[in-house]
file protein_0.csv (CSV, C-alpha atoms)
chain,number,residue,atom,x,y,z
A,1,MET,CA,-88.7,30.5,30.8
A,2,THR,CA,-84.9,30.3,30.8
A,3,VAL,CA,-84.1,33.4,28.9
A,4,ARG,CA,-85.3,37.0,28.9
A,5,TYR,CA,-84.8,38.8,25.6
A,6,GLU,CA,-83.3,42.3,25.8
A,7,PHE,CA,-84.8,43.6,22.5
A,8,ASP,CA,-88.2,43.0,20.9
A,9,SER,CA,-86.9,43.2,17.3
A,10,THR,CA,-83.8,42.2,15.3
A,11,PRO,CA,-81.9,44.2,12.7
A,12,GLU,CA,-82.8,43.5,9.1
A,13,LEU,CA,-80.4,41.1,7.4
A,14,GLY,CA,-77.4,43.0,6.3
A,15,LYS,CA,-78.2,45.9,8.6
A,16,SER,CA,-76.9,46.9,12.1
A,17,VAL,CA,-78.3,48.6,15.2
A,18,PRO,CA,-76.5,50.1,18.2
A,19,ILE,CA,-77.2,48.1,21.4
A,20,ALA,CA,-74.8,49.7,23.9
A,21,ASP,CA,-72.3,52.6,23.9
A,22,GLY,CA,-69.9,51.7,21.0
A,23,VAL,CA,-71.4,48.2,20.4
A,24,HIS,CA,-73.3,47.5,17.2
A,25,TRP,CA,-75.3,44.4,16.3
A,26,LEU,CA,-74.9,43.3,12.6
A,27,ARG,CA,-77.1,40.6,11.3
A,28,MET,CA,-75.4,38.8,8.4
A,29,PRO,CA,-77.3,36.5,6.1
A,30,LEU,CA,-76.3,32.8,5.7
A,31,PRO,CA,-77.1,30.6,2.7
A,32,PHE,CA,-78.7,27.8,4.6
A,33,GLU,CA,-81.6,26.9,7.0
A,34,LEU,CA,-80.0,28.8,9.9
A,35,ALA,CA,-80.4,32.0,7.9
A,36,HIS,CA,-78.4,34.5,9.9
A,37,ILE,CA,-75.4,35.1,12.2
A,38,ASN,CA,-75.0,37.9,14.6
A,39,LEU,CA,-71.7,39.8,14.3
A,40,TRP,CA,-70.5,42.6,16.6
A,41,LEU,CA,-68.9,45.9,15.7
A,42,LEU,CA,-67.0,47.7,18.5
A,43,GLU,CA,-66.4,51.4,18.0
A,44,ASP,CA,-64.5,54.2,19.7
A,45,SER,CA,-62.6,57.3,18.7
A,46,ASP,CA,-59.7,55.3,17.4
A,47,GLY,CA,-61.5,53.0,15.0
A,48,TRP,CA,-63.5,49.8,14.7
A,49,VAL,CA,-63.0,46.2,15.8
A,50,ILE,CA,-65.0,43.4,14.1
A,51,VAL,CA,-65.9,40.3,16.1
A,52,ASP,CA,-66.7,37.4,13.8
A,53,SER,CA,-67.1,37.8,10.0
A,54,GLY,CA,-69.8,35.7,8.4
A,55,MET,CA,-69.4,33.1,5.7
A,56,ARG,CA,-67.4,33.9,2.6
A,57,THR,CA,-70.1,34.6,0.1
A,58,ASP,CA,-70.8,37.4,-2.4
A,59,ASP,CA,-73.7,38.5,-0.2
A,60,SER,CA,-71.4,38.7,2.9
A,61,GLN,CA,-68.7,40.7,1.1
A,62,THR,CA,-71.3,43.1,-0.3
A,63,VAL,CA,-72.6,43.7,3.2
A,64,TRP,CA,-69.1,44.3,4.5
A,65,ARG,CA,-68.3,46.8,1.7
A,66,LYS,CA,-71.5,48.7,2.5
A,67,MET,CA,-70.8,48.7,6.2
A,68,ILE,CA,-67.2,49.9,5.9
A,69,ALA,CA,-68.1,52.6,3.4
A,70,GLY,CA,-71.2,53.6,5.4
A,71,LEU,CA,-71.4,53.3,9.2
A,72,MET,CA,-67.7,52.7,9.6
A,73,ALA,CA,-66.5,55.2,7.0
A,74,ASP,CA,-65.3,57.9,9.4
A,75,LYS,CA,-62.8,55.7,11.3
A,76,PRO,CA,-60.3,53.0,10.3
A,77,LEU,CA,-60.9,49.3,10.8
A,78,ARG,CA,-58.3,48.2,13.4
A,79,HIS,CA,-58.8,44.5,14.1
A,80,VAL,CA,-60.8,41.4,13.1
A,81,VAL,CA,-61.4,39.0,16.0
A,82,VAL,CA,-62.8,35.5,15.4
A,83,THR,CA,-64.4,33.4,18.1
A,84,HIS,CA,-63.8,30.0,16.4
A,85,LEU,CA,-63.1,28.4,13.1
A,86,HIS,CA,-66.6,27.5,11.8
A,87,PRO,CA,-67.2,29.0,8.3
A,88,ASP,CA,-70.1,31.3,9.4
A,89,HIS,CA,-67.6,32.9,11.9
A,90,VAL,CA,-64.3,32.9,10.2
A,91,GLY,CA,-65.3,32.8,6.5
A,92,CYS,CA,-64.7,36.5,5.6
A,93,ALA,CA,-61.9,37.1,8.2
A,94,GLY,CA,-59.0,36.4,5.8
A,95,TRP,CA,-60.6,38.5,3.1
A,96,LEU,CA,-61.2,41.4,5.5
A,97,ALA,CA,-57.6,41.2,6.8
A,98,ASP,CA,-56.2,41.3,3.2
A,99,GLU,CA,-58.7,43.7,1.7
A,100,TYR,CA,-58.4,46.3,4.5
A,101,ASP,CA,-54.8,45.6,5.7
A,102,VAL,CA,-55.8,44.8,9.3
A,103,ASP,CA,-54.6,42.1,11.7
A,104,LEU,CA,-56.5,38.9,12.7
A,105,TRP,CA,-56.9,37.8,16.4
A,106,MET,CA,-57.8,34.1,17.2
A,107,THR,CA,-56.9,31.4,19.6
A,108,ARG,CA,-54.0,29.2,18.4
A,109,ASP,CA,-55.9,25.9,18.1
A,110,GLU,CA,-58.7,27.6,16.0
A,111,TYR,CA,-56.2,29.4,13.8
A,112,LEU,CA,-54.0,26.4,13.1
A,113,LEU,CA,-56.9,23.9,12.5
A,114,CYS,CA,-58.6,26.5,10.2
A,115,ARG,CA,-55.6,26.7,8.0
A,116,LEU,CA,-55.4,22.9,7.7
A,117,LEU,CA,-59.1,22.6,6.8
A,118,VAL,CA,-58.8,25.4,4.2
A,119,ALA,CA,-55.9,23.4,2.6
A,120,ASP,CA,-58.2,20.4,2.2
A,121,HIS,CA,-60.1,22.3,-0.6
A,122,GLY,CA,-59.7,20.3,-3.8
A,123,ARG,CA,-58.4,17.1,-2.1
A,124,SER,CA,-60.1,13.7,-2.3
A,125,ALA,CA,-61.7,12.3,0.9
A,126,PRO,CA,-59.0,10.4,2.9
A,127,GLU,CA,-59.4,6.7,3.6
A,128,GLU,CA,-59.5,7.5,7.4
A,129,GLY,CA,-62.7,9.6,6.8
A,130,ILE,CA,-64.3,7.0,4.7
A,131,ARG,CA,-63.6,4.3,7.3
A,132,PHE,CA,-64.9,6.6,10.1
A,133,TYR,CA,-68.3,7.0,8.5
A,134,ARG,CA,-68.5,3.3,7.3
A,135,GLU,CA,-67.9,2.3,11.0
A,136,ALA,CA,-70.8,4.6,11.9
A,137,GLY,CA,-73.1,2.7,9.6
A,138,PHE,CA,-73.3,4.9,6.5
A,139,PRO,CA,-74.8,3.3,3.5
A,140,ASP,CA,-73.1,3.7,0.1
A,141,ASP,CA,-75.1,6.7,-0.9
A,142,ALA,CA,-74.2,8.6,2.2
A,143,LEU,CA,-70.5,7.7,1.9
A,144,GLY,CA,-70.7,9.0,-1.7
A,145,ASN,CA,-72.1,12.3,-0.5
A,146,TYR,CA,-69.3,12.6,2.1
A,147,LYS,CA,-66.7,12.0,-0.6
A,148,LYS,CA,-68.4,14.6,-2.8
A,149,MET,CA,-68.6,17.2,0.0
A,150,PHE,CA,-65.1,16.7,1.4
A,151,GLY,CA,-63.0,19.8,1.2
A,152,MET,CA,-66.0,22.2,0.9
A,153,PHE,CA,-64.8,24.1,4.0
A,154,GLY,CA,-62.3,26.1,1.8
A,155,LYS,CA,-65.1,27.2,-0.5
A,156,TYR,CA,-66.7,29.2,2.3
A,157,VAL,CA,-63.6,30.3,4.2
A,158,ALA,CA,-61.0,32.7,2.7
A,159,PRO,CA,-57.4,31.8,3.3
A,160,LEU,CA,-56.1,33.2,6.6
A,161,PRO,CA,-53.2,35.5,6.8
A,162,GLU,CA,-49.8,33.9,7.3
A,163,ALA,CA,-49.4,35.7,10.7
A,164,TYR,CA,-52.0,36.3,13.4
A,165,LYS,CA,-52.4,37.7,16.9
A,166,ARG,CA,-52.9,34.9,19.4
A,167,ILE,CA,-55.5,35.3,22.2
A,168,LYS,CA,-55.9,32.9,25.0
A,169,ASP,CA,-58.1,32.3,28.1
A,170,GLY,CA,-57.7,35.1,30.7
A,171,ASP,CA,-56.3,37.7,28.3
A,172,ARG,CA,-57.6,41.2,28.7
A,173,LEU,CA,-58.1,43.1,25.5
A,174,THR,CA,-58.6,46.8,25.3
A,175,PHE,CA,-61.0,47.3,22.4
A,176,ALA,CA,-63.1,50.4,21.7
A,177,GLY,CA,-62.1,51.9,25.1
A,178,HIS,CA,-63.2,48.9,27.2
A,179,CYS,CA,-61.6,45.9,28.6
A,180,TRP,CA,-62.8,42.5,27.3
A,181,GLU,CA,-61.6,39.4,29.1
A,182,VAL,CA,-61.1,36.3,26.9
A,183,VAL,CA,-63.1,33.3,28.2
A,184,VAL,CA,-62.3,30.0,26.3
A,185,GLY,CA,-64.9,27.2,26.0
A,186,ARG,CA,-64.3,23.8,24.5
A,187,GLY,CA,-66.5,21.1,22.9
A,188,HIS,CA,-68.3,22.9,20.1
A,189,SER,CA,-64.8,23.7,18.8
A,190,LEU,CA,-61.3,23.3,20.1
A,191,GLU,CA,-60.6,26.6,21.7
A,192,HIS,CA,-63.6,28.9,21.3
A,193,ALA,CA,-63.0,32.5,22.5
A,194,CYS,CA,-65.8,34.5,24.1
A,195,LEU,CA,-65.4,38.1,25.2
A,196,PHE,CA,-66.6,39.4,28.6
A,197,ASP,CA,-66.8,43.1,29.4
A,198,ALA,CA,-67.3,43.1,33.2
A,199,GLU,CA,-67.7,46.9,33.5
A,200,ARG,CA,-70.8,46.9,31.2
A,201,ASN,CA,-71.8,43.3,32.0
A,202,LEU,CA,-71.7,42.2,28.3
A,203,PHE,CA,-70.7,38.8,27.1
A,204,ILE,CA,-70.0,38.1,23.4
A,205,SER,CA,-70.7,34.3,23.5
A,206,GLY,CA,-70.2,33.1,20.0
A,207,ASP,CA,-71.7,29.6,19.9
A,208,GLN,CA,-70.9,28.8,23.6
A,209,ILE,CA,-74.4,30.0,24.8
A,210,LEU,CA,-77.3,30.2,22.4
A,211,PRO,CA,-80.8,31.1,23.6
A,212,THR,CA,-82.9,28.5,21.8
A,213,ILE,CA,-80.7,25.8,20.3
A,214,SER,CA,-77.7,23.8,21.5
A,215,SER,CA,-74.5,24.1,19.5
A,216,ASN,CA,-73.4,21.0,17.7
A,217,VAL,CA,-70.8,18.9,19.7
A,218,SER,CA,-69.2,16.4,17.3
A,219,VAL,CA,-66.5,13.9,16.9
A,220,TYR,CA,-64.7,14.0,13.5
A,221,PRO,CA,-62.6,11.5,11.6
A,222,THR,CA,-59.3,13.2,12.5
A,223,GLU,CA,-59.8,12.1,16.2
A,224,PRO,CA,-62.4,9.3,16.3
A,225,GLU,CA,-62.1,8.6,20.0
A,226,ALA,CA,-62.3,12.2,21.2
A,227,ASN,CA,-64.7,13.1,24.0
A,228,PRO,CA,-65.8,16.7,23.2
A,229,LEU,CA,-69.1,16.3,25.1
A,230,HIS,CA,-67.1,16.0,28.3
A,231,ASN,CA,-65.3,19.2,27.4
A,232,TRP,CA,-68.6,20.9,26.5
A,233,ILE,CA,-70.3,20.1,29.8
A,234,GLN,CA,-67.2,21.2,31.7
A,235,SER,CA,-67.2,24.5,29.8
A,236,LEU,CA,-70.9,25.1,30.5
A,237,GLN,CA,-70.2,24.5,34.2
A,238,MET,CA,-67.2,26.8,34.1
A,239,LEU,CA,-69.2,29.7,32.5
A,240,LYS,CA,-71.6,29.6,35.5
A,241,THR,CA,-68.7,30.4,37.8
A,242,ARG,CA,-67.2,33.2,35.6
A,243,LEU,CA,-70.4,35.0,34.5
A,244,PRO,CA,-72.9,37.0,36.5
A,245,GLU,CA,-76.4,35.6,36.4
A,246,ASP,CA,-77.7,38.9,34.9
A,247,VAL,CA,-75.0,39.3,32.2
A,248,LEU,CA,-76.3,40.4,28.8
A,249,VAL,CA,-75.4,37.6,26.4
A,250,LEU,CA,-74.7,38.6,22.8
A,251,PRO,CA,-75.0,35.2,21.0
A,252,SER,CA,-74.1,34.4,17.4
A,253,HIS,CA,-77.7,33.1,16.6
A,254,GLY,CA,-81.0,34.3,18.1
A,255,LYS,CA,-81.4,37.5,20.1
A,256,PRO,CA,-79.4,39.0,23.0
A,257,PHE,CA,-80.7,37.8,26.3
A,258,ARG,CA,-80.3,37.6,30.0
A,259,GLY,CA,-80.7,34.5,32.2
A,260,ALA,CA,-77.3,32.9,31.4
A,261,HIS,CA,-77.2,30.6,34.4
A,262,GLU,CA,-80.7,29.2,33.7
A,263,ARG,CA,-79.8,28.7,30.1
A,264,LEU,CA,-76.5,27.0,31.0
A,265,ASP,CA,-78.4,24.6,33.4
A,266,ALA,CA,-80.9,23.8,30.6
A,267,LEU,CA,-78.1,23.0,28.1
A,268,ILE,CA,-76.3,20.7,30.6
A,269,LYS,CA,-79.6,19.0,31.4
A,270,GLU,CA,-80.4,18.5,27.8
A,271,HIS,CA,-77.2,16.6,27.2
A,272,LEU,CA,-77.4,14.6,30.4
A,273,ASP,CA,-81.0,13.6,29.5
A,274,GLY,CA,-79.8,12.6,26.1
A,275,LEU,CA,-77.1,10.4,27.6
A,276,ASP,CA,-79.6,8.7,29.8
A,277,ALA,CA,-81.9,8.0,26.8
A,278,LEU,CA,-79.0,6.8,24.7
A,279,LEU,CA,-77.8,4.4,27.4
A,280,ALA,CA,-81.3,2.9,27.7
A,281,TYR,CA,-81.6,2.6,23.9
A,282,CYS,CA,-78.3,0.7,23.8
A,283,ASP,CA,-79.9,-2.3,25.7
A,284,GLN,CA,-79.5,-3.9,22.2
A,285,PRO,CA,-76.5,-3.4,19.9
A,286,ARG,CA,-76.8,-0.2,17.9
A,287,ARG,CA,-74.8,1.6,15.3
A,288,ALA,CA,-74.1,5.4,15.5
A,289,VAL,CA,-76.7,6.0,12.7
A,290,ASP,CA,-79.3,4.0,14.7
A,291,VAL,CA,-79.4,6.3,17.7
A,292,PHE,CA,-80.6,9.5,16.0
A,293,PRO,CA,-84.1,9.2,17.3
A,294,THR,CA,-82.9,9.3,20.9
A,295,LEU,CA,-80.9,12.6,20.5
A,296,PHE,CA,-82.7,14.6,17.7
A,297,LYS,CA,-86.3,15.7,17.3
A,298,GLY,CA,-86.0,16.7,13.6
A,299,ARG,CA,-85.6,14.4,10.6
A,300,ILE,CA,-82.1,13.5,9.6
A,301,THR,CA,-81.4,13.8,5.9
A,302,SER,CA,-78.4,13.9,3.6
A,303,ARG,CA,-78.0,17.6,4.5
A,304,ASN,CA,-77.4,17.1,8.2
A,305,ILE,CA,-76.3,13.4,8.6
A,306,ILE,CA,-72.7,14.4,9.0
A,307,MET,CA,-73.4,16.7,12.0
A,308,ALA,CA,-75.9,14.2,13.4
A,309,THR,CA,-73.4,11.4,13.2
A,310,GLY,CA,-70.7,13.4,14.8
A,311,GLU,CA,-72.9,14.4,17.7
A,312,SER,CA,-74.2,10.9,18.2
A,313,ILE,CA,-70.6,9.6,18.4
A,314,SER,CA,-69.7,12.3,20.9
A,315,HIS,CA,-72.5,11.0,23.2
A,316,LEU,CA,-71.5,7.4,22.5
A,317,ASN,CA,-67.8,8.1,23.2
A,318,TYR,CA,-68.8,9.9,26.5
A,319,LEU,CA,-70.6,6.7,27.6
A,320,VAL,CA,-67.7,4.5,26.5
A,321,GLU,CA,-65.3,6.5,28.5
A,322,GLU,CA,-67.6,6.2,31.5
A,323,ASN,CA,-67.5,2.4,31.0
A,324,LYS,CA,-71.3,2.4,30.6
A,325,ILE,CA,-71.3,1.0,27.1
A,326,ARG,CA,-68.9,-1.1,25.1
A,327,LYS,CA,-68.2,-1.1,21.4
A,328,GLU,CA,-67.3,-3.9,19.0
A,329,HIS,CA,-66.5,-4.1,15.3
A,330,ASP,CA,-68.4,-6.6,13.2
A,331,ALA,CA,-66.9,-8.5,10.2
A,332,ASP,CA,-67.7,-5.5,7.9
A,333,GLY,CA,-65.9,-3.0,10.1
A,334,VAL,CA,-69.1,-1.4,11.5
A,335,ILE,CA,-69.0,-0.4,15.2
A,336,TRP,CA,-71.9,-1.6,17.4
A,337,TYR,CA,-72.5,-0.1,20.8
A,338,GLN,CA,-74.3,-1.9,23.7
A,339,GLN,CA,-74.7,-1.4,27.4
A,340,ALA,CA,-71.7,-2.7,29.3
call {"tool": "encode", "arguments": {"input": "protein_0.csv", "output": "structure tokens"}}
result
Amino acid sequence: MTVRYEFDSTPELGKSVPIADGVHWLRMPLPFELAHINLWLLEDSDGWVIVDSGMRTDDSQTVWRKMIAGLMADKPLRHVVVTHLHPDHVGCAGWLADEYDVDLWMTRDEYLLCRLLVADHGRSAPEEGIRFYREAGFPDDALGNYKKMFGMFGKYVAPLPEAYKRIKDGDRLTFAGHCWEVVVGRGHSLEHACLFDAERNLFISGDQILPTISSNVSVYPTEPEANPLHNWIQSLQMLKTRLPEDVLVLPSHGKPFRGAHERLDALIKEHLDGLDALLAYCDQPRRAVDVFPTLFKGRITSRNIIMATGESISHLNYLVEENKIRKEHDADGVIWYQQA
């Protein structure tokens, strides 16, 4: 057992419960298989701070209106903090900032990339993206689905305000009467901000540590030779040095838990084992779409093939950079990977 859950139950979707002095756990619904995200409300006599915002949907906005008119009604909303740019975290942040006239706090890489991705809404898929997935081995129907889905990020993320408050690793933020240290991880996203309250031994982890699943670590068409898996493993190792073993982790998915060091070790081992299996599988030439069975237990469908491909390429790029496999293009432009 690598994690020890702090609470037996979870809040109902759209509801919140207090879990520490001035810290409330809000469970926001999501419109896909991973049906919830945990958001955190920090309260003191001066007002409220929201950490992560949920995806921009009618349901999410309804929940926020009820929370702000209910639990949060007696004090003003002061700040919205976003751990990283993925739609379930940042989706309502711009709307909250505009609707309630509050400021937005993010790391710079996450803020700038988020604004670029929102601007893709309504654009056609670029040739670089089509080439990237063709190189991975996508058949025509999968390429067609990529073209159809391109730019959907902006459907689920409200435009961000034109100005923001930058946070960075090591910053100490005084929210709700307590000091929260910013701890930045990389790999799942560019500059993912976590918040650590050393006094109360609380860690708002976002997607950097989850109790039962590993966050997606992907390569994208904008940087096809990136090595995010190297950054991810380094970040997991770094967290072991900066967090107490008995810290209470407040994750974005699943339940709050203790046992951070054991969970970090398990996440690192999972990826190292995947790399070993992938290297062995590449005794023959393989495309990125061929290696799914070595890395994923579930079935890969049109709904998750983009994420699976991105994560497969992140593992392949890691091995390429380690000079353990080589890659070659064939006459059709498809990349094949084989042991070096």
call {"tool": "residues_around", "arguments": {"input": "protein_0.csv", "residues": "range 245-258 of chain A", "least_positions_apart": "4", "cutoff": "8 Å", "atoms": "all atoms listed in the file", "output": "number ranges by chain"}}
result
A: 3-7, 10, 36-39, 201-207, 209-212, 240
call {"tool": "atom_distance", "arguments": {"input": "protein_0.csv", "atom1": "CA of Glu191 in chain A", "atom2": "CA of Thr83 in chain A"}}
result
8.6 Å
call {"tool": "residues_around", "arguments": {"input": "protein_0.csv", "residues": "Asp265 in chain A", "least_positions_apart": "6", "cutoff": "10 Å", "atoms": "all atoms listed in the file", "output": "compact mmCIF listing (two decimals) with C-alpha atoms, in the coordinates of the input"}}
result
# COMPACT_ATOMS: atom_id res chain seq x y z
CA THR A 2 -84.90 30.30 30.80
CA ILE A 233 -70.30 20.10 29.80
CA LEU A 236 -70.90 25.10 30.50
CA GLN A 237 -70.20 24.50 34.20
CA LYS A 240 -71.60 29.60 35.50
call {"tool": "closest_residue", "arguments": {"input": "protein_0.csv", "among": "A:Leu173, A:Met67, A:Ile306, A:Leu316", "to": "Ile130 in chain A", "atoms": "only C-alpha atoms"}}
result
A:Ile306
call {"tool": "closest_residue", "arguments": {"input": "protein_0.csv", "among": "A:His261, A:Ala198, A:Pro159, A:Asp120", "to": "Arg172 in chain A", "atoms": "only C-alpha atoms"}}
result
A:Ala198
call {"tool": "residues_around", "arguments": {"input": "protein_0.csv", "residues": "Gln61 in chain A", "least_positions_apart": "5", "cutoff": "9 Å", "atoms": "only C-alpha atoms", "output": "ChimeraX atom specification"}}
result
/A:54-56,66,92,95-96
call {"tool": "closest_residue", "arguments": {"input": "protein_0.csv", "among": "A:Asp197, A:Asp58, A:Asp8, A:Glu225", "to": "Leu42 in chain A", "atoms": "only C-alpha atoms"}}
result
A:Asp197
call {"tool": "atom_distance", "arguments": {"input": "protein_0.csv", "atom1": "CA of Gly177 in chain A", "atom2": "CA of Arg27 in chain A"}}
result
23.3 Å
call {"tool": "closest_atom_pairs", "arguments": {"input": "protein_0.csv", "of": "range 21-105 of chain A", "to": "range 14-17 of chain A", "cutoff": "6 Å", "atoms": "all atoms listed in the file", "output": "JSON lines"}}
result
{"residue": "A:His24", "atom": "CA", "partner": "A:Val17", "partner_atom": "CA", "distance": 5.5}
{"residue": "A:Trp25", "atom": "CA", "partner": "A:Ser16", "partner_atom": "CA", "distance": 5.1}
{"residue": "A:Leu26", "atom": "CA", "partner": "A:Ser16", "partner_atom": "CA", "distance": 4.1}
{"residue": "A:Arg27", "atom": "CA", "partner": "A:Gly14", "partner_atom": "CA", "distance": 5.6}
{"residue": "A:Met28", "atom": "CA", "partner": "A:Gly14", "partner_atom": "CA", "distance": 5.1}
{"residue": "A:Val63", "atom": "CA", "partner": "A:Gly14", "partner_atom": "CA", "distance": 5.8}
call {"tool": "build_atoms", "arguments": {"input": "protein_0.csv", "residues": "range 320-340 of chain A", "atoms": "N, CA and C atoms", "output": "PDB file, in the coordinates of the input"}}
result
ATOM      1  N   VAL A 320     -68.793   5.463  26.510  1.00  0.00           N
ATOM      2  CA  VAL A 320     -67.700   4.500  26.500  1.00  0.00           C
ATOM      3  C   VAL A 320     -66.646   4.838  27.494  1.00  0.00           C
ATOM      4  N   GLU A 321     -66.288   6.123  27.566  1.00  0.00           N
ATOM      5  CA  GLU A 321     -65.300   6.500  28.500  1.00  0.00           C
ATOM      6  C   GLU A 321     -65.738   6.384  29.965  1.00  0.00           C
ATOM      7  N   GLU A 322     -67.058   6.462  30.168  1.00  0.00           N
ATOM      8  CA  GLU A 322     -67.600   6.200  31.500  1.00  0.00           C
ATOM      9  C   GLU A 322     -67.798   4.751  31.805  1.00  0.00           C
ATOM     10  N   ASN A 323     -67.412   3.893  30.859  1.00  0.00           N
ATOM     11  CA  ASN A 323     -67.500   2.400  31.000  1.00  0.00           C
ATOM     12  C   ASN A 323     -68.996   1.997  31.149  1.00  0.00           C
ATOM     13  N   LYS A 324     -69.908   2.772  30.546  1.00  0.00           N
ATOM     14  CA  LYS A 324     -71.300   2.400  30.600  1.00  0.00           C
ATOM     15  C   LYS A 324     -71.798   1.668  29.364  1.00  0.00           C
ATOM     16  N   ILE A 325     -71.076   1.836  28.274  1.00  0.00           N
ATOM     17  CA  ILE A 325     -71.300   1.000  27.100  1.00  0.00           C
ATOM     18  C   ILE A 325     -70.012   0.530  26.546  1.00  0.00           C
ATOM     19  N   ARG A 326     -70.078  -0.530  25.759  1.00  0.00           N
ATOM     20  CA  ARG A 326     -68.900  -1.100  25.100  1.00  0.00           C
ATOM     21  C   ARG A 326     -69.140  -1.017  23.591  1.00  0.00           C
ATOM     22  N   LYS A 327     -68.086  -1.078  22.816  1.00  0.00           N
ATOM     23  CA  LYS A 327     -68.200  -1.100  21.400  1.00  0.00           C
ATOM     24  C   LYS A 327     -67.422  -2.219  20.766  1.00  0.00           C
ATOM     25  N   GLU A 328     -67.961  -2.775  19.678  1.00  0.00           N
ATOM     26  CA  GLU A 328     -67.300  -3.900  19.000  1.00  0.00           C
ATOM     27  C   GLU A 328     -67.474  -3.702  17.479  1.00  0.00           C
ATOM     28  N   HIS A 329     -66.433  -4.067  16.731  1.00  0.00           N
ATOM     29  CA  HIS A 329     -66.500  -4.100  15.300  1.00  0.00           C
ATOM     30  C   HIS A 329     -67.084  -5.409  14.794  1.00  0.00           C
ATOM     31  N   ASP A 330     -67.930  -5.349  13.769  1.00  0.00           N
ATOM     32  CA  ASP A 330     -68.400  -6.600  13.200  1.00  0.00           C
ATOM     33  C   ASP A 330     -67.467  -6.946  11.975  1.00  0.00           C
ATOM     34  N   ALA A 331     -67.812  -7.983  11.250  1.00  0.00           N
ATOM     35  CA  ALA A 331     -66.900  -8.500  10.200  1.00  0.00           C
ATOM     36  C   ALA A 331     -66.817  -7.452   9.036  1.00  0.00           C
ATOM     37  N   ASP A 332     -67.786  -6.531   8.918  1.00  0.00           N
ATOM     38  CA  ASP A 332     -67.700  -5.500   7.900  1.00  0.00           C
ATOM     39  C   ASP A 332     -67.084  -4.216   8.344  1.00  0.00           C
ATOM     40  N   GLY A 333     -66.584  -4.210   9.569  1.00  0.00           N
ATOM     41  CA  GLY A 333     -65.900  -3.000  10.100  1.00  0.00           C
ATOM     42  C   GLY A 333     -66.842  -2.007  10.716  1.00  0.00           C
ATOM     43  N   VAL A 334     -68.129  -2.327  10.857  1.00  0.00           N
ATOM     44  CA  VAL A 334     -69.100  -1.400  11.500  1.00  0.00           C
ATOM     45  C   VAL A 334     -68.996  -1.545  12.987  1.00  0.00           C
ATOM     46  N   ILE A 335     -69.092  -0.421  13.698  1.00  0.00           N
ATOM     47  CA  ILE A 335     -69.000  -0.400  15.200  1.00  0.00           C
ATOM     48  C   ILE A 335     -70.455  -0.540  15.727  1.00  0.00           C
ATOM     49  N   TRP A 336     -70.621  -1.467  16.671  1.00  0.00           N
ATOM     50  CA  TRP A 336     -71.900  -1.600  17.400  1.00  0.00           C
ATOM     51  C   TRP A 336     -71.670  -1.300  18.859  1.00  0.00           C
ATOM     52  N   TYR A 337     -72.624  -0.581  19.424  1.00  0.00           N
ATOM     53  CA  TYR A 337     -72.500  -0.100  20.800  1.00  0.00           C
ATOM     54  C   TYR A 337     -73.639  -0.811  21.637  1.00  0.00           C
ATOM     55  N   GLN A 338     -73.291  -1.234  22.851  1.00  0.00           N
ATOM     56  CA  GLN A 338     -74.300  -1.900  23.700  1.00  0.00           C
ATOM     57  C   GLN A 338     -73.896  -1.603  25.180  1.00  0.00           C
ATOM     58  N   GLN A 339     -74.920  -1.591  26.037  1.00  0.00           N
ATOM     59  CA  GLN A 339     -74.700  -1.400  27.400  1.00  0.00           C
ATOM     60  C   GLN A 339     -73.614  -2.372  27.954  1.00  0.00           C
ATOM     61  N   ALA A 340     -72.710  -1.846  28.779  1.00  0.00           N
ATOM     62  CA  ALA A 340     -71.700  -2.700  29.300  1.00  0.00           C
ATOM     63  C   ALA A 340     -72.251  -3.581  30.428  1.00  0.00           C
TER      64      ALA A 340
END
